[in-house]
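> The structure is given below, and queries will be raised subsequently.
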Amino acid sequence: MPNKQITKRVIDSLKPRSGEYFVWDGSLAGYGVRVQTTGAMSYVVKYRAGSGRAAPTRRLTLAKVGTLTPDEARTLAKKTLGSVAHGADPAAQRAADKRASTLAEVAEQFLTEHVEAKRSASSAGSYRDLLERLALPELGTRKAGKITSAEIQRLHSKNAHTPYQANRLLRVLSSLFTFAGKAHAVPTGFNPCRGIEYFPEEGRERYLTTVELARIGEAIREAETIGLPYAVDQSKPKAKHAPKEANRRTIVGPHATAALRLLIFTGARLREILQLKWDHIDFERGLLLLPTSKTGKKTIVLNAPALAILSGLPRASDYVVAGALPDQPRSDLKKPWKAVSSRAGLRGVRIHDLRHTHASVGAGAGLGLPIIGKLLGHTQAVTTQRYAHLDADPLRKASEHIGSRLASAMGEGSGQGADVVALQVKGRSRRE
């Protein structure tokens, strides 16, 4: 059709034909209306993607007629054609956006190619659970490269009632977007998690005192010898058939009690002990040579108490802590730990706190955080920094040194045996 100013009157006059046709605007080159055989109409722009006659011609649909007025469509066409003048290719960008991966697709690639290949099975399961339970139901269908910081912030805030979990989710998502950038699934450097503030977390570490450790030791010895007492709910129908109170005891097997002791003496993680095989142990050099762990291949130094436990433990399976089946590791220690910790009178103590206790003893003895970090298998120094407040030995030595010298100078009894300080008074020395 001849070029004419596209107005509402012109659009109302357009009728469908046997074939598709276009009506181009007389004042804005490249802006027009497409009329289909069904009668459906849409605003379009036409342009060359590049300079010269060899540059390909593109046609981009702006919107359906009826969703925008002709003047609104003209304004959008000017903006689109203006971006073309600056080197953009809106049609190609739209096609790329359609091909772009959703967050759900990127998440699956992240989990299979990165997490499951480089992390332990338990860590991989934790990553997948957080993403599939919390993130993907909210953002899974969104294009990964289009997700905004505001959307991540809303997701983080939605889980404020569980701050530790919310922060963990934020860390996992941040790792996901870093991976996606390297895999070219999103623009390099794109990470909408960046800059979002984490919720404050209450300290989860719990360190057992010497008295509590003594009670734990007593409870473990009782568990493996005469058994731990248990209560019977008298309201239950079968309560009358239960053994007499004096006979209500449950013996915890040697492998479970050995596992609890090894957790305390080695500071190892739970899975590292439960999945430990006999051929991972070098008795001659006193080492556990783990082929895999949360942080990859790892060596754990065995002290004398740990070696004694392993040397005296019967070999009932390929695994040190024998499970129900000889070719499979024990899945957890929930029941024996609950029984032992309850008998010891401990409340709110997690089995992971045994690892924290192992580290706290070393920190309190002034062994130094780098050494403790190596014993625990930390790959980042910042991970060991949580025990810095327990490393009081250098401060204690300094305080004792200063205090003893001051006491000696003052003639106090607590300074006996320390060096006496000669205090300077108006140019001469005298002993105080």
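The chains in the structure tokens are called A, B, ... from first to last as shown; in each chain the residues are counted from 1, and the ligands are counted from 1 in the order shown.
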I'd like the contact shell of A:Ser122 - 12 Å cut-off, only C-alpha atoms, skipping same-chain residues fewer than 5 positions apart - returned as a ChimeraX atom specification.

/A:115-116,127-129,269-272,275,292-295,331

> Store the residues of this selection in a file with C-alpha atoms, as a compact mmCIF listing (two decimals), in the first residue's frame.


```txt
# COMPACT_ATOMS: atom_id res chain seq x y z
CA VAL A 115 28.23 -29.52 42.82
CA GLU A 116 27.82 -33.29 42.41
CA TYR A 127 22.44 -27.75 47.67
CA ARG A 128 19.71 -29.52 45.71
CA ASP A 129 17.26 -29.40 48.61
CA ARG A 269 32.91 -34.68 60.45
CA LEU A 270 30.12 -37.21 60.99
CA ARG A 271 30.16 -38.49 57.38
CA GLU A 272 33.93 -38.85 57.45
CA GLN A 275 31.94 -43.63 55.64
CA THR A 292 36.95 -37.80 49.60
CA SER A 293 35.35 -35.48 52.11
CA LYS A 294 33.40 -32.22 52.17
CA THR A 295 36.58 -30.40 51.11
CA SER A 331 23.44 -43.85 57.87
```

> For the alpha helix (DSSP H) assignment from backbone DSSP, which residues of stretch 94-343 of chain A qualify? Please present them as a ChimeraX atom specification.

/A:94-99,103-110,116-118,121-130,136-139,149-158,163-182,210-224,254-266,270-274,304-311,334-343

> Restricting the calculation to only C-alpha atoms, which member of A:Arg133, A:Arg347, A:Arg261, A:Lys143 is positioned closest to A:Leu155?

A:Arg133

> Here is a test: counting only C-alpha atoms, which residue of A:Lys146, A:Lys15, A:Lys158, A:Arg285 is nearest to A:Asn191?

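Closest to A:Asn191, using only C-alpha atoms: A:Lys146.
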
> Pick from A:Ala308, A:Leu76, A:Leu208, A:Ala259: nearest to A:Lys334, with only C-alpha atoms counted?

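Ranking A:Ala308, A:Leu76, A:Leu208, A:Ala259 by distance to A:Lys334, first place goes to A:Ala259.
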
> Using only C-alpha atoms for the distances, tell me which of A:His358, A:His184, A:Lys8, A:Arg58 is nearest to A:Gln109.

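Checking each candidate against A:Gln109, we get A:His184 as the closest.
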
> I'd like to know which of A:Thr7, A:Thr112, A:Thr102, A:Thr162 is closest to A:Arg74, using only C-alpha atoms.

A:Thr7
